[in-house]
Each structure stands twice: as structure tokens, then as C-alpha cells.
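Undergrad: Next up, run_32.csv (CSV, C-alpha atoms).
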```
chain,number,residue,atom,x,y,z
A,92,MET,CA,-29.6,278.1,-65.0
A,93,LYS,CA,-28.6,278.2,-61.3
A,94,ARG,CA,-28.8,281.6,-59.5
A,95,LEU,CA,-26.3,281.9,-56.7
A,96,ILE,CA,-26.9,284.8,-54.4
A,97,ILE,CA,-23.6,285.8,-52.8
A,98,ARG,CA,-25.1,287.5,-49.8
A,99,ASP,CA,-27.0,284.3,-48.9
A,100,ILE,CA,-24.0,282.0,-49.4
A,101,ILE,CA,-21.7,284.1,-47.2
A,102,ASN,CA,-24.4,285.3,-44.9
A,103,SER,CA,-23.0,288.9,-45.0
A,104,GLU,CA,-23.0,292.0,-47.1
A,105,LEU,CA,-19.3,292.2,-46.8
A,106,ALA,CA,-17.3,290.0,-49.2
A,107,VAL,CA,-14.0,290.5,-47.4
A,108,SER,CA,-12.4,287.2,-46.6
A,109,THR,CA,-10.6,284.5,-48.5
A,110,GLU,CA,-12.6,281.8,-46.6
A,111,ASN,CA,-15.9,283.2,-47.8
A,112,GLY,CA,-14.5,283.5,-51.3
A,113,GLU,CA,-13.7,279.8,-51.2
A,114,LYS,CA,-17.3,279.0,-50.2
A,115,VAL,CA,-18.5,280.8,-53.3
A,116,PHE,CA,-15.9,279.0,-55.4
A,117,GLU,CA,-17.0,275.6,-54.2
A,118,MET,CA,-20.6,276.4,-55.1
A,119,ILE,CA,-19.8,277.7,-58.5
A,120,ASP,CA,-17.5,274.8,-59.2
A,121,SER,CA,-20.1,272.2,-58.2
A,122,TYR,CA,-22.6,273.5,-60.9
A,123,LEU,CA,-20.0,274.1,-63.6
A,124,GLN,CA,-18.8,270.6,-63.1
A,125,LYS,CA,-22.3,269.5,-64.1
A,126,LYS,CA,-22.2,271.9,-67.0
A,127,GLU,CA,-25.0,273.9,-65.5
A,128,LYS,CA,-25.0,277.6,-66.2
A,129,VAL,CA,-24.5,279.8,-63.2
A,130,GLU,CA,-25.8,283.3,-62.5
A,131,LEU,CA,-23.7,284.9,-59.8
A,132,ASP,CA,-25.8,287.6,-58.1
A,133,PHE,CA,-23.9,290.3,-56.1
A,134,ALA,CA,-27.0,292.2,-55.1
A,135,GLY,CA,-26.7,293.6,-51.6
A,136,ILE,CA,-22.9,293.2,-51.4
A,137,THR,CA,-21.6,296.5,-50.1
A,138,ILE,CA,-17.9,295.9,-49.8
A,139,MET,CA,-15.8,293.5,-51.8
A,140,ILE,CA,-12.0,293.0,-51.7
A,141,THR,CA,-9.5,291.3,-54.0
A,142,ALA,CA,-8.7,288.5,-51.5
A,143,PHE,CA,-12.4,287.4,-51.7
A,144,LEU,CA,-12.5,287.6,-55.5
A,145,ASN,CA,-9.1,285.8,-55.9
A,146,ALA,CA,-10.7,282.8,-54.1
A,147,ALA,CA,-14.2,283.0,-55.5
A,148,ILE,CA,-13.4,283.8,-59.1
A,149,GLY,CA,-9.7,283.8,-59.7
A,150,LYS,CA,-9.4,280.2,-58.5
A,151,LEU,CA,-11.6,279.0,-61.4
A,152,TYR,CA,-8.6,279.6,-63.7
A,153,GLY,CA,-6.7,276.9,-61.7
A,154,LYS,CA,-8.9,274.4,-63.5
A,155,LYS,CA,-7.8,273.7,-67.0
A,156,GLU,CA,-11.3,272.8,-68.2
A,157,TYR,CA,-12.6,276.3,-67.4
A,158,THR,CA,-11.4,278.2,-70.4
A,159,PRO,CA,-12.3,281.9,-70.9
A,160,ALA,CA,-14.8,280.8,-73.6
A,161,PHE,CA,-16.4,278.3,-71.3
A,162,LEU,CA,-16.6,280.8,-68.4
A,163,ASN,CA,-18.1,283.5,-70.6
A,164,GLU,CA,-20.8,281.1,-71.7
A,165,TYR,CA,-21.5,279.3,-68.4
A,166,LEU,CA,-21.0,282.1,-65.8
A,167,LYS,CA,-22.8,285.4,-65.7
A,168,LEU,CA,-22.2,288.1,-63.2
A,169,GLU,CA,-25.2,290.1,-62.0
A,170,ASN,CA,-25.7,293.3,-60.0
A,171,VAL,CA,-22.1,294.2,-59.7
A,172,GLU,CA,-21.7,297.9,-58.9
A,173,LEU,CA,-19.9,300.0,-61.5
A,174,GLU,CA,-17.1,300.9,-59.1
A,175,ASP,CA,-16.4,297.3,-58.3
A,176,ARG,CA,-16.0,296.2,-61.9
A,177,SER,CA,-12.4,297.1,-62.3
A,178,LEU,CA,-11.6,294.9,-59.3
A,179,PHE,CA,-13.0,291.9,-61.3
A,180,LYS,CA,-10.9,292.9,-64.3
A,181,ASP,CA,-7.7,293.0,-62.1
A,182,VAL,CA,-8.4,289.8,-60.4
A,183,ILE,CA,-9.2,287.9,-63.6
A,184,GLN,CA,-6.2,289.2,-65.4
A,185,ARG,CA,-4.0,288.4,-62.4
A,186,ALA,CA,-5.4,284.8,-62.1
A,187,LYS,CA,-4.9,284.2,-65.8
A,188,GLU,CA,-1.2,285.2,-65.5
A,189,TYR,CA,-0.8,283.3,-62.3
A,190,PHE,CA,-2.2,280.0,-63.5
A,191,ALA,CA,-0.9,280.2,-67.0
A,192,ASN,CA,2.4,279.2,-65.8
A,193,LYS,CA,3.3,279.4,-62.2
A,194,GLU,CA,6.9,278.5,-62.7
A,195,ASN,CA,7.4,281.3,-65.3
A,196,PHE,CA,5.5,283.7,-63.0
A,197,GLU,CA,7.9,283.1,-60.2
A,198,LYS,CA,10.9,283.5,-62.5
A,199,ASN,CA,9.4,286.8,-63.8
A,200,SER,CA,8.9,288.1,-60.3
A,201,ASN,CA,12.6,287.4,-59.6
A,202,ASN,CA,13.6,289.3,-62.7
A,203,ALA,CA,11.4,292.2,-61.8
A,204,ILE,CA,13.3,292.8,-58.7
A,205,TYR,CA,16.8,291.6,-59.5
A,206,GLY,CA,17.0,292.2,-63.2
A,207,ASP,CA,17.3,289.5,-65.9
A,208,ASP,CA,21.0,288.7,-65.6
B,286,MET,CA,10.5,298.0,-12.8
B,287,THR,CA,9.3,301.4,-14.0
B,288,ILE,CA,9.6,302.6,-17.6
B,289,THR,CA,9.2,306.3,-18.3
B,290,ILE,CA,7.5,307.0,-21.6
B,291,PRO,CA,8.9,310.1,-23.3
B,292,ASN,CA,6.7,312.9,-24.6
B,293,ASP,CA,6.1,313.6,-28.3
B,294,ILE,CA,6.4,310.1,-29.9
B,295,LYS,CA,4.9,310.6,-33.3
B,296,SER,CA,4.1,308.2,-36.1
B,297,GLU,CA,7.1,309.3,-38.2
B,298,PHE,CA,10.3,307.4,-38.8
B,299,GLU,CA,12.0,308.8,-35.7
B,300,GLY,CA,9.0,307.8,-33.5
B,301,TYR,CA,8.9,304.2,-34.8
B,302,ASP,CA,12.7,303.9,-34.6
B,303,TYR,CA,12.6,305.0,-31.0
B,304,ILE,CA,9.7,302.6,-30.0
B,305,ILE,CA,11.2,299.6,-31.8
B,306,THR,CA,14.6,300.1,-30.4
B,307,TRP,CA,12.9,300.3,-27.0
B,308,ILE,CA,10.9,297.1,-27.5
B,309,ASN,CA,14.1,295.2,-28.3
B,310,LYS,CA,15.7,296.5,-25.1
B,311,TYR,CA,12.9,295.0,-23.0
B,312,LYS,CA,11.9,292.0,-25.0
B,313,LEU,CA,13.7,289.4,-22.8
B,314,ILE,CA,12.1,290.5,-19.6
B,315,LYS,CA,9.7,288.0,-18.0
B,316,ASN,CA,7.7,287.3,-14.9
B,317,THR,CA,8.1,291.0,-13.9
B,318,GLY,CA,5.7,293.7,-12.8
B,319,ILE,CA,6.3,296.6,-15.3
B,320,THR,CA,5.0,300.0,-14.6
B,321,PHE,CA,4.7,302.5,-17.4
B,322,ASP,CA,5.0,306.1,-16.2
B,323,PHE,CA,3.1,308.4,-18.6
B,324,GLY,CA,3.9,311.5,-16.5
B,325,ARG,CA,5.9,313.2,-19.3
B,326,VAL,CA,3.4,312.5,-22.1
B,327,THR,CA,1.3,315.6,-22.8
B,328,PHE,CA,0.0,314.4,-26.2
B,329,LEU,CA,-0.3,311.0,-27.8
B,330,GLU,CA,-1.6,310.2,-31.3
B,331,ALA,CA,-4.5,307.9,-30.6
B,332,ASN,CA,-3.8,305.6,-33.5
B,333,LEU,CA,-0.4,304.7,-31.9
B,334,CYS,CA,-2.4,302.7,-29.4
B,335,ALA,CA,-2.4,299.8,-31.9
B,336,LEU,CA,1.4,299.7,-31.7
B,337,ILE,CA,1.5,300.2,-27.9
B,338,GLY,CA,-1.1,297.5,-27.6
B,339,THR,CA,1.1,295.2,-29.6
B,340,ILE,CA,4.1,295.9,-27.3
B,341,PHE,CA,1.9,295.2,-24.3
B,342,GLU,CA,0.9,291.9,-25.9
B,343,MET,CA,4.6,291.0,-26.4
B,344,LEU,CA,5.4,291.8,-22.7
B,345,GLU,CA,2.3,290.0,-21.4
B,346,SER,CA,3.1,286.9,-23.4
B,347,LYS,CA,6.2,286.6,-21.2
B,348,ASN,CA,4.1,286.6,-18.1
B,349,ASN,CA,4.8,290.3,-17.2
B,350,GLN,CA,2.2,292.3,-15.4
B,351,ILE,CA,1.6,295.8,-16.8
B,352,LYS,CA,0.5,298.9,-14.9
B,353,ILE,CA,0.0,302.4,-16.1
B,354,ILE,CA,0.6,305.4,-13.8
B,355,ASN,CA,0.7,309.3,-13.8
B,356,ILE,CA,-1.3,309.6,-17.0
B,357,GLN,CA,-2.0,313.3,-17.8
B,358,PRO,CA,-5.8,314.2,-17.9
B,359,GLN,CA,-5.8,315.2,-21.6
B,360,VAL,CA,-4.0,311.9,-22.6
B,361,GLU,CA,-6.2,309.9,-20.2
B,362,THR,CA,-9.3,311.4,-21.9
B,363,ILE,CA,-8.2,310.3,-25.4
B,364,LEU,CA,-7.2,306.8,-24.2
B,365,ARG,CA,-10.5,306.3,-22.3
B,366,LYS,CA,-12.5,307.4,-25.3
B,367,ASN,CA,-10.8,304.9,-27.5
B,368,GLU,CA,-11.0,302.3,-24.6
B,369,PHE,CA,-7.3,301.6,-24.6
B,370,LEU,CA,-7.1,302.1,-20.9
B,371,ILE,CA,-10.2,300.0,-19.9
B,372,PRO,CA,-8.3,296.8,-19.2
B,373,PHE,CA,-6.1,298.8,-16.9
B,374,GLY,CA,-8.9,299.7,-14.5
B,375,PHE,CA,-10.1,303.0,-16.1
B,376,GLU,CA,-13.7,303.7,-16.7
B,377,LYS,CA,-15.2,304.2,-20.2
B,378,ILE,CA,-15.9,307.8,-21.2
B,379,THR,CA,-18.3,309.0,-23.9
B,380,ASP,CA,-16.8,310.3,-27.1
B,381,HIS,CA,-19.2,313.3,-27.7
B,382,TYR,CA,-17.4,314.3,-30.9
B,383,ASP,CA,-17.4,310.7,-32.1
B,384,THR,CA,-13.9,311.0,-33.5
B,385,ALA,CA,-12.2,307.9,-32.0
B,386,LEU,CA,-12.1,304.5,-33.6
B,387,LYS,CA,-11.8,302.3,-30.5
B,388,TYR,CA,-8.7,300.3,-29.9
B,389,ARG,CA,-9.3,296.6,-30.4
B,390,LYS,CA,-7.4,293.4,-30.9
B,391,PHE,CA,-8.6,290.5,-33.0
B,392,THR,CA,-7.6,287.0,-33.5
B,393,PRO,CA,-6.8,286.2,-37.2
B,394,ASN,CA,-9.9,284.1,-37.6
B,395,ASP,CA,-12.2,286.7,-36.1
B,396,ASP,CA,-13.2,288.3,-39.4
B,397,ILE,CA,-16.8,288.7,-38.2
B,398,GLY,CA,-15.6,290.6,-35.1
B,399,PHE,CA,-13.5,292.9,-37.4
B,400,ASN,CA,-16.5,293.4,-39.7
B,401,ASN,CA,-18.7,294.4,-36.8
B,402,TYR,CA,-15.9,296.7,-35.5
B,403,ILE,CA,-15.7,298.5,-38.9
B,404,GLN,CA,-19.5,298.8,-39.1
B,405,GLU,CA,-19.8,300.3,-35.6
B,406,GLU,CA,-16.6,302.3,-35.5
B,407,LEU,CA,-16.4,303.6,-39.0
B,408,LEU,CA,-19.5,303.3,-41.1
B,409,LYS,CA,-21.9,304.6,-38.5
B,410,LYS,CA,-19.7,307.6,-37.5
B,411,GLN,CA,-21.0,311.0,-38.3
B,412,GLN,CA,-17.5,312.0,-39.4
B,413,PHE,CA,-17.4,309.4,-42.0
B,414,PRO,CA,-18.2,310.9,-45.5
B,415,SER,CA,-21.8,310.4,-46.2
B,416,HIS,CA,-21.6,313.1,-48.9
B,417,SER,CA,-19.5,310.7,-51.0
B,418,GLU,CA,-20.7,307.2,-50.7
B,419,LYS,CA,-18.0,306.1,-53.2
B,420,LEU,CA,-15.2,307.6,-51.2
B,421,GLY,CA,-16.5,305.9,-48.0
B,422,LYS,CA,-16.8,302.6,-49.8
B,423,GLU,CA,-13.2,302.8,-51.1
B,424,ILE,CA,-11.8,303.7,-47.7
B,425,THR,CA,-13.7,300.8,-46.1
B,426,ARG,CA,-12.5,298.4,-48.9
B,427,ASN,CA,-8.9,299.4,-48.3
B,428,ILE,CA,-9.1,298.9,-44.5
B,429,PHE,CA,-10.4,295.3,-45.2
B,430,GLU,CA,-7.6,294.7,-47.7
B,431,ILE,CA,-5.0,295.6,-45.0
B,432,TYR,CA,-6.7,293.4,-42.4
B,433,GLU,CA,-7.0,290.5,-44.8
B,434,ASN,CA,-3.3,291.0,-45.7
B,435,ALA,CA,-2.3,290.9,-42.0
B,436,ARG,CA,-4.4,287.8,-41.2
B,437,THR,CA,-3.3,285.7,-44.1
B,438,HIS,CA,0.4,286.6,-44.3
B,439,GLY,CA,1.3,287.3,-40.7
B,440,GLN,CA,0.4,284.1,-38.9
B,441,CYS,CA,0.0,286.2,-35.8
B,442,ASP,CA,-1.8,285.8,-32.5
B,443,PHE,CA,-3.5,289.1,-32.6
B,444,ILE,CA,-4.2,292.0,-35.0
B,445,HIS,CA,-4.3,295.3,-33.2
B,446,SER,CA,-6.3,298.1,-34.6
B,447,CYS,CA,-7.1,301.7,-33.8
B,448,GLY,CA,-7.9,305.0,-35.5
B,449,GLN,CA,-8.8,308.7,-35.1
B,450,PHE,CA,-10.6,311.3,-37.1
B,451,TYR,CA,-9.4,314.9,-37.1
B,452,PRO,CA,-12.5,316.7,-38.5
B,453,ARG,CA,-11.2,320.2,-37.7
B,454,LYS,CA,-8.1,319.9,-39.9
B,455,GLN,CA,-8.4,321.1,-43.4
B,456,ASP,CA,-8.1,317.7,-45.2
B,457,LYS,CA,-10.2,316.1,-42.5
B,458,PRO,CA,-7.9,313.1,-42.1
B,459,LEU,CA,-8.8,309.7,-40.8
B,460,HIS,CA,-5.7,307.9,-39.4
B,461,PHE,CA,-6.0,304.2,-39.2
B,462,THR,CA,-3.4,301.7,-37.9
B,463,ILE,CA,-3.2,298.0,-38.0
B,464,VAL,CA,-0.3,296.1,-36.3
B,465,ASP,CA,0.5,292.4,-36.1
B,466,LYS,CA,3.5,290.7,-34.7
B,467,GLY,CA,3.5,287.7,-37.0
B,468,VAL,CA,5.9,286.8,-39.8
B,469,ASN,CA,7.1,290.1,-41.3
B,470,ILE,CA,7.1,291.1,-44.9
B,471,LYS,CA,10.9,290.8,-45.2
B,472,GLN,CA,10.8,287.2,-44.1
B,473,ASN,CA,8.0,286.4,-46.5
B,474,VAL,CA,9.6,288.1,-49.5
B,475,SER,CA,13.1,286.8,-48.8
B,476,ALA,CA,11.8,283.2,-48.4
B,477,PHE,CA,9.9,283.6,-51.7
B,478,HIS,CA,13.0,284.8,-53.5
B,479,ASN,CA,15.2,282.4,-51.6
B,480,GLN,CA,17.5,285.4,-51.0
B,481,ASP,CA,18.0,288.0,-48.2
B,482,ILE,CA,16.2,291.1,-49.3
B,483,ASN,CA,16.5,294.5,-47.6
B,484,ALA,CA,13.3,295.1,-45.6
B,485,ALA,CA,12.3,298.4,-47.1
B,486,ASP,CA,12.8,297.0,-50.7
B,487,ALA,CA,10.7,294.0,-49.7
B,488,ILE,CA,7.9,296.3,-48.6
B,489,GLU,CA,8.1,298.2,-51.9
B,490,TRP,CA,8.1,295.0,-53.8
B,491,ALA,CA,4.9,293.9,-52.0
B,492,MET,CA,3.2,297.2,-52.9
B,493,LYS,CA,3.4,296.5,-56.6
B,494,LYS,CA,0.5,294.9,-58.5
B,495,GLY,CA,1.0,291.2,-59.2
B,496,ASN,CA,3.8,290.7,-56.6
B,497,THR,CA,2.9,288.2,-54.0
B,498,THR,CA,4.4,285.6,-51.8
B,499,LYS,CA,1.2,283.6,-51.9
B,500,SER,CA,1.5,280.3,-53.6
B,501,GLY,CA,-0.8,277.3,-54.1
B,502,ASP,CA,-4.2,277.2,-55.7
B,503,THR,CA,-5.2,280.8,-55.1
B,504,SER,CA,-3.7,283.8,-56.9
B,505,GLY,CA,-2.9,287.0,-54.9
B,506,GLY,CA,-0.8,290.1,-55.2
B,507,LEU,CA,-3.4,292.8,-55.5
B,508,GLY,CA,-4.4,293.9,-52.0
B,509,LEU,CA,-1.5,296.2,-51.1
B,510,ALA,CA,-1.3,297.5,-54.7
B,511,VAL,CA,-5.0,298.4,-54.6
B,512,ILE,CA,-4.4,300.4,-51.4
B,513,PHE,CA,-1.3,302.1,-52.8
B,514,GLU,CA,-3.3,303.2,-55.9
B,515,PHE,CA,-6.1,304.5,-53.8
B,516,ILE,CA,-3.8,306.5,-51.5
B,517,LYS,CA,-2.2,308.1,-54.6
B,518,TYR,CA,-5.6,309.3,-55.9
B,519,ASN,CA,-6.8,310.3,-52.4
B,520,ARG,CA,-3.6,312.2,-51.7
B,521,GLY,CA,-3.3,310.4,-48.4
B,522,LYS,CA,-0.3,308.7,-46.8
B,523,ILE,CA,0.7,305.2,-46.2
B,524,GLN,CA,3.5,304.0,-43.9
B,525,VAL,CA,4.5,300.3,-43.7
B,526,ILE,CA,7.1,299.3,-41.1
B,527,SER,CA,8.2,295.7,-41.1
B,528,SER,CA,11.4,294.1,-39.8
B,529,ASP,CA,13.9,296.9,-40.0
B,530,GLY,CA,12.3,298.5,-43.0
B,531,PHE,CA,10.4,301.8,-43.1
B,532,TYR,CA,8.4,302.6,-46.2
B,533,GLU,CA,6.4,305.7,-46.6
B,534,TYR,CA,4.4,307.1,-49.6
B,535,LYS,CA,3.0,310.7,-49.4
B,536,ASN,CA,2.9,313.7,-51.7
B,537,GLU,CA,3.8,311.6,-54.7
B,538,SER,CA,7.1,310.4,-53.3
B,539,VAL,CA,8.4,307.3,-51.6
B,540,THR,CA,10.8,307.3,-48.6
B,541,LYS,CA,12.6,304.1,-47.7
B,542,LYS,CA,14.7,303.9,-44.6
B,543,LYS,CA,16.4,301.4,-42.3
B,544,LEU,CA,15.5,301.3,-38.7
B,545,ALA,CA,18.2,300.8,-36.0
B,546,SER,CA,16.6,297.5,-34.9
B,547,ILE,CA,14.1,294.9,-36.1
B,548,PHE,CA,10.4,294.8,-35.5
B,549,GLU,CA,9.0,291.3,-35.4
B,550,GLY,CA,5.8,292.1,-37.2
B,551,THR,CA,4.2,294.7,-39.4
B,552,ILE,CA,2.7,298.1,-38.8
B,553,VAL,CA,0.5,299.7,-41.5
B,554,ASN,CA,-0.5,303.3,-40.8
B,555,ILE,CA,-2.7,305.1,-43.3
B,556,LYS,CA,-3.9,308.6,-43.5
B,557,PHE,CA,-7.1,308.9,-45.6
B,558,ASN,CA,-8.1,312.3,-46.8
B,559,LEU,CA,-11.8,312.6,-46.2
B,560,ASN,CA,-12.1,316.1,-47.7
B,561,ASP,CA,-11.6,314.6,-51.1
B,562,SER,CA,-14.2,316.0,-53.5
B,563,ASN,CA,-12.1,315.2,-56.6
B,564,TYR,CA,-12.4,311.6,-56.1
B,565,TYR,CA,-15.4,310.3,-58.1
B,566,SER,CA,-14.3,308.7,-61.3
B,567,LEU,CA,-11.5,306.3,-60.3
B,568,ARG,CA,-13.4,303.1,-60.5
B,569,SER,CA,-16.5,304.2,-62.2
B,570,GLU,CA,-15.6,303.4,-65.8
B,571,GLU,CA,-17.9,301.0,-67.6
B,572,GLU,CA,-16.3,297.7,-68.2
B,573,ASP,CA,-17.3,295.1,-70.8
B,574,PHE,CA,-18.9,292.7,-68.4
B,575,GLU,CA,-20.5,290.4,-71.0
B,576,ASN,CA,-17.2,288.8,-71.9
B,577,ILE,CA,-15.1,289.6,-68.8
B,578,PHE,CA,-13.6,286.1,-68.5
```
Translate this file's structure into C-alpha cells.

TA:
Amino acid sequence: MKRLIIRDIINSELAVSTENGEKVFEMIDSYLQKKEKVELDFAGITIMITAFLNAAIGKLYGKKEYTPAFLNEYLKLENVELEDRSLFKDVIQRAKEYFANKENFEKNSNNAIYGDD
Amino acid sequence: MTITIPNDIKSEFEGYDYIITWINKYKLIKNTGITFDFGRVTFLEANLCALIGTIFEMLESKNNQIKIINIQPQVETILRKNEFLIPFGFEKITDHYDTALKYRKFTPNDDIGFNNYIQEELLKKQQFPSHSEKLGKEITRNIFEIYENARTHGQCDFIHSCGQFYPRKQDKPLHFTIVDKGVNIKQNVSAFHNQDINAADAIEWAMKKGNTTKSGDTSGGLGLAVIFEFIKYNRGKIQVISSDGFYEYKNESVTKKKLASIFEGTIVNIKFNLNDSNYYSLRSEEEDFENIF
């Protein structure tokens, strides 16, 4: 089990940029590739935004081998504040939709604004 | 040349319409000394400095030299407190009430600078709600969402930022404004749909959860929607001006209007309601975190 401390990886208590999210993604990815379990520790993170989470967590769904079952088994989230939890839910749901079928997604977005016909 | 600034420009549709028409009138001027005469201005909303700073950036990028004259003492005080006037030879002045968020401009890759700015200018302020840590956290989160949105979508040279507390008003508002002059929302959304879309509709589209012009290996489309949700609960106000679109949400209703001319960039102006004691449960619900993926 590898414990990754977000605050140490990004050297900040603010998880507010896409670039820092990508750093975290790269770390997670390197251990999951080796089938090593990861504990992602958010202790000390005071502010977190969706752009950070899209890159750190959402991007995992871009890899076909990381199924929800695999991620539930190999990736644990620790010390996430209660009020931040719904952000994770939004980002994960969004990433699943986005990567499930990018083409379909773009078509649906068009339909949402112009109608189906 | 001398340009006289009219009094009473407000951060409402008419005010933006006026300023943006005015920018377009002068946007081709280059290599000129431009004097701004503030003699008629008796009050200025401090957070408009982010927009004025953007206009000055536009003019200075064409090698124009800017000077400010006849500034009234009460306006001068505000603009020295928030340090807008410092590059024009004015001295700093202490903000005893600590209500100004200084005017600053950031390059899009200066996220550390912006982080420090928010720490210093917002989180350490006495006016910032310490009675409700959660409210303070949500407001800060939303400001970072706007900034991240500007820097990743705008491809701009600078992001201009400014704000002001009004602690003596009943709802104790915090006004915060971020302006960039990069690619605007209409261009991004129209390119995404491969079709020309009305600017105000494009802004409304971008405010909805799941809608994004981002592509590639990272998903997006939550930032503006998260802000919009929060503003609804907080009973605040959000205005987004981009291209010739004006979008405003306040008091549970949306106003969309077309400006007389095009702004090559995006203005986001938000009023947060700091006197918000009802706001405690929005994001506190327990989620099943064991099997979140």
C-alpha cells in the first residue's frame, strides 16, 4: 500500500490548479500501473476545486484498465472533508460520462442546446 | 489626447455597455499619450478597477502612454487603498477598515501569485467570515474556480482582479471581479458547436453542469456550474460579460442582453453575501466514500 500525501506532492494546501492535479494523477497512475494499492491522503488541503480533481482523479477514467471495480479496490481516499465530498461525486460522475463515449457526449451537448432535430 | 471619464459608471448592463462601446472607439489608437480626466467622477465602484486595468492593458499594448489627472479626493483614496493608482505615481495609503482587495494582474501561469493574493487579501481579512468557516471556504473555492476558468480557457496575457467588501450594508457583500482579454466564451462555444451562437446564450450554456468546450484527456464542465449553484444558495449575484453577451443571475432570475459592441475577453463579476447564516448544509451530506468510484 502506497500512501500519497497530496499536500506534499503539490507543495501547497490549495489544490486549485489543473497542473497540480496532473502531478497527482501521474503519481497515482505510476503505482496503479504496477497494481500497487494507493491511499490518497488529503489531510491539510484547505481548498480544492473541480479543475484540480478533473485532472487528478477524473483523468483515471480515460484509461480503460481502470474500471470502477478496480479503482474501488486499489484507490482509497483519506481525510477528505465532508463538505468536499460532493465535489468528488460530481467529478467522478462527469468523468465517467465524458470518457464513456466522447463522440456521443459531444452530440448530446449539441442536442441540449439545439434540440434533437 | 484627453479622455473625460463620466461619473456614475456602475457594474450594471448600462455601465458595461458604455465602457465596452468606449473601448472599441479607442482601440486603434497607438503611440499616443492618453490622459484620463477623472474630474467628473465622484464615486467609483472599486471592483471596476479590474475592468479599467484591462482597458489600460489594451491601450498600453499599442505603445500608448497613460496618465491620470483631476482625480477627486474620495475616489483617489479608494484607488490608492486598492493600489490601482500606484503605477501612476501615487503613494500607497493604509486601508484602516481593511475592506479593499487590492487590484492586481496575473499572468495565466502565475497560480502561486494568485494563491498568495487570495491568502493575503481575502483569507486574512477581518471582514471575511470567521464565524462560518464553511461559507468562507465555499467563497474561496468559487474564486479559484473563476480564476482557473479564465486561465485555462482565455489564453490571455493577464488576468486582472480586484474586490471590495461593504461591511456596513445589510447583506455585507463582497464584490469580486476577474477580467481577461483572451478568447471569449462565445468564440469557444461557437467553435465547439461549429456554429455561430449568440454570446449571452453561449454564457448560459457554459454555466450548466457538464457543458464544456474542453476536449482531450481531461474532463471539465463543472467550474462555472459549481459557482452558479453556490450563488443560488448564497443569494448572491453573478454577472458574466463576454463578447457582446451580458448574462446576470440574481434573485432567482436570469437576465440575458446583447451589448452594443463586442468585448474581446470576459468579465466575471460576483457579489457574495457574507451575511449568510442559512448556509451550512449545502455540501455537508455524508457520501458513501467506500465505493465512490

Undergrad: Interatomic distance between atom CA of Tyr382 of chain B and atom CA of Ile363 of chain B?

TA: 11.4 Å

Undergrad: Identify all chain B residues at most 9 Å from chain A by counting all atoms listed in the file; ligands do not count. Present them as an MDAnalysis selection string.

TA: chainID B and resid 396 400 419 422:423 425:427 429:430 433:434 437 477:478 490 494:497 500 502:508 511 566:572 574:578

Undergrad: Would you mind reading off the distance between atom CA of Tyr534 of chain B and atom CA of Thr551 of chain B, one decimal, in Å?

TA: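 Interatomic distance, atom CA of Tyr534 of chain B to atom CA of Thr551 of chain B: 16.1 Å.
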
Undergrad: As an exercise, work out the distance from atom CA of Asp302 of chain B to atom CA of Tyr518 of chain B in Å and give it to one decimal place.

TA: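 So the two atoms, atom CA of Asp302 of chain B and atom CA of Tyr518 of chain B, lie 28.6 Å apart.
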
Undergrad: Restricting the calculation to only C-alpha atoms, which member of B:Gln359, B:Asn316, B:Ser527, B:Gln404 is positioned closest to Val553 of chain B?

TA: B:Ser527

Undergrad: Skipping near chain neighbours, those fewer than 3 positions away, what residues fall within 8 Å of Leu386 of chain B using all atoms listed in the file, listed as a PyMOL selection string?

TA: chain B and resi 367+406-407+447-450

Undergrad: Which residues are close to Lys366 of chain B, i.e. within 8 Å by all atoms listed in the file, leaving aside same-chain residues fewer than 5 positions away? Reply as a list in words.

TA: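 Listed by chain and then number, they are Lys377, Ile378, Thr379, Asp380, Ala385 and Lys387 of chain B.
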
Undergrad: Find the residue from B:Thr327, B:Gln480, B:Thr289, B:Asn536 that sits nearest to Thr362 of chain B; use all atoms listed in the file when measuring.

TA: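 Among the listed residues, the smallest separation from Thr362 of chain B belongs to B:Thr327.
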
Undergrad: Near Lys517 of chain B, counting all atoms listed in the file, which residues have an atom at most 10 Å away, once you skip same-chain residues fewer than 2 positions from it, shown as a list in words?

TA: Ile512, Phe513, Glu514, Phe515, Asn519, Arg520, Gly521, Lys522, Ile523, Tyr534, Lys535, Asn536, Glu537 and Ser538 of chain B

Undergrad: Mind checking which residues fall within 8 Å of Asn560 of chain B, counting only C-alpha atoms, ignoring those fewer than 3 positions away in the same chain, and posting them as a list in words?

TA: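 These residues fall inside the cut-off: Gln455, Asp456, Lys457 and Pro458 of chain B.
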
Undergrad: Could you add the missing atoms to segment 308-319 of chain B, up to N, CA and C atoms, and return them as a PDB file, keeping the file's coordinate frame?

TA:
```pdb
ATOM      1  N   ILE B 308      11.484 298.456 -27.683  1.00  0.00           N
ATOM      2  CA  ILE B 308      10.900 297.100 -27.500  1.00  0.00           C
ATOM      3  C   ILE B 308      12.010 296.079 -27.392  1.00  0.00           C
ATOM      4  N   ASN B 309      13.006 296.219 -28.273  1.00  0.00           N
ATOM      5  CA  ASN B 309      14.100 295.200 -28.300  1.00  0.00           C
ATOM      6  C   ASN B 309      14.877 295.214 -26.998  1.00  0.00           C
ATOM      7  N   LYS B 310      14.969 296.385 -26.399  1.00  0.00           N
ATOM      8  CA  LYS B 310      15.700 296.500 -25.100  1.00  0.00           C
ATOM      9  C   LYS B 310      15.018 295.695 -24.035  1.00  0.00           C
ATOM     10  N   TYR B 311      13.688 295.650 -24.079  1.00  0.00           N
ATOM     11  CA  TYR B 311      12.900 295.000 -23.000  1.00  0.00           C
ATOM     12  C   TYR B 311      12.356 293.654 -23.343  1.00  0.00           C
ATOM     13  N   LYS B 312      12.671 293.161 -24.534  1.00  0.00           N
ATOM     14  CA  LYS B 312      11.900 292.000 -25.000  1.00  0.00           C
ATOM     15  C   LYS B 312      12.222 290.686 -24.250  1.00  0.00           C
ATOM     16  N   LEU B 313      13.342 290.651 -23.535  1.00  0.00           N
ATOM     17  CA  LEU B 313      13.700 289.400 -22.800  1.00  0.00           C
ATOM     18  C   LEU B 313      13.145 289.372 -21.391  1.00  0.00           C
ATOM     19  N   ILE B 314      12.582 290.480 -20.962  1.00  0.00           N
ATOM     20  CA  ILE B 314      12.100 290.500 -19.600  1.00  0.00           C
ATOM     21  C   ILE B 314      10.885 289.584 -19.416  1.00  0.00           C
ATOM     22  N   LYS B 315      10.899 288.823 -18.316  1.00  0.00           N
ATOM     23  CA  LYS B 315       9.700 288.000 -18.000  1.00  0.00           C
ATOM     24  C   LYS B 315       9.418 287.905 -16.554  1.00  0.00           C
ATOM     25  N   ASN B 316       8.197 287.491 -16.266  1.00  0.00           N
ATOM     26  CA  ASN B 316       7.700 287.300 -14.900  1.00  0.00           C
ATOM     27  C   ASN B 316       7.986 288.574 -14.027  1.00  0.00           C
ATOM     28  N   THR B 317       7.743 289.736 -14.581  1.00  0.00           N
ATOM     29  CA  THR B 317       8.100 291.000 -13.900  1.00  0.00           C
ATOM     30  C   THR B 317       6.862 291.916 -13.887  1.00  0.00           C
ATOM     31  N   GLY B 318       6.720 292.673 -12.815  1.00  0.00           N
ATOM     32  CA  GLY B 318       5.700 293.700 -12.800  1.00  0.00           C
ATOM     33  C   GLY B 318       6.335 294.961 -13.502  1.00  0.00           C
ATOM     34  N   ILE B 319       5.718 295.427 -14.574  1.00  0.00           N
ATOM     35  CA  ILE B 319       6.300 296.600 -15.300  1.00  0.00           C
ATOM     36  C   ILE B 319       5.300 297.742 -15.202  1.00  0.00           C
TER      37      ILE B 319
END
```
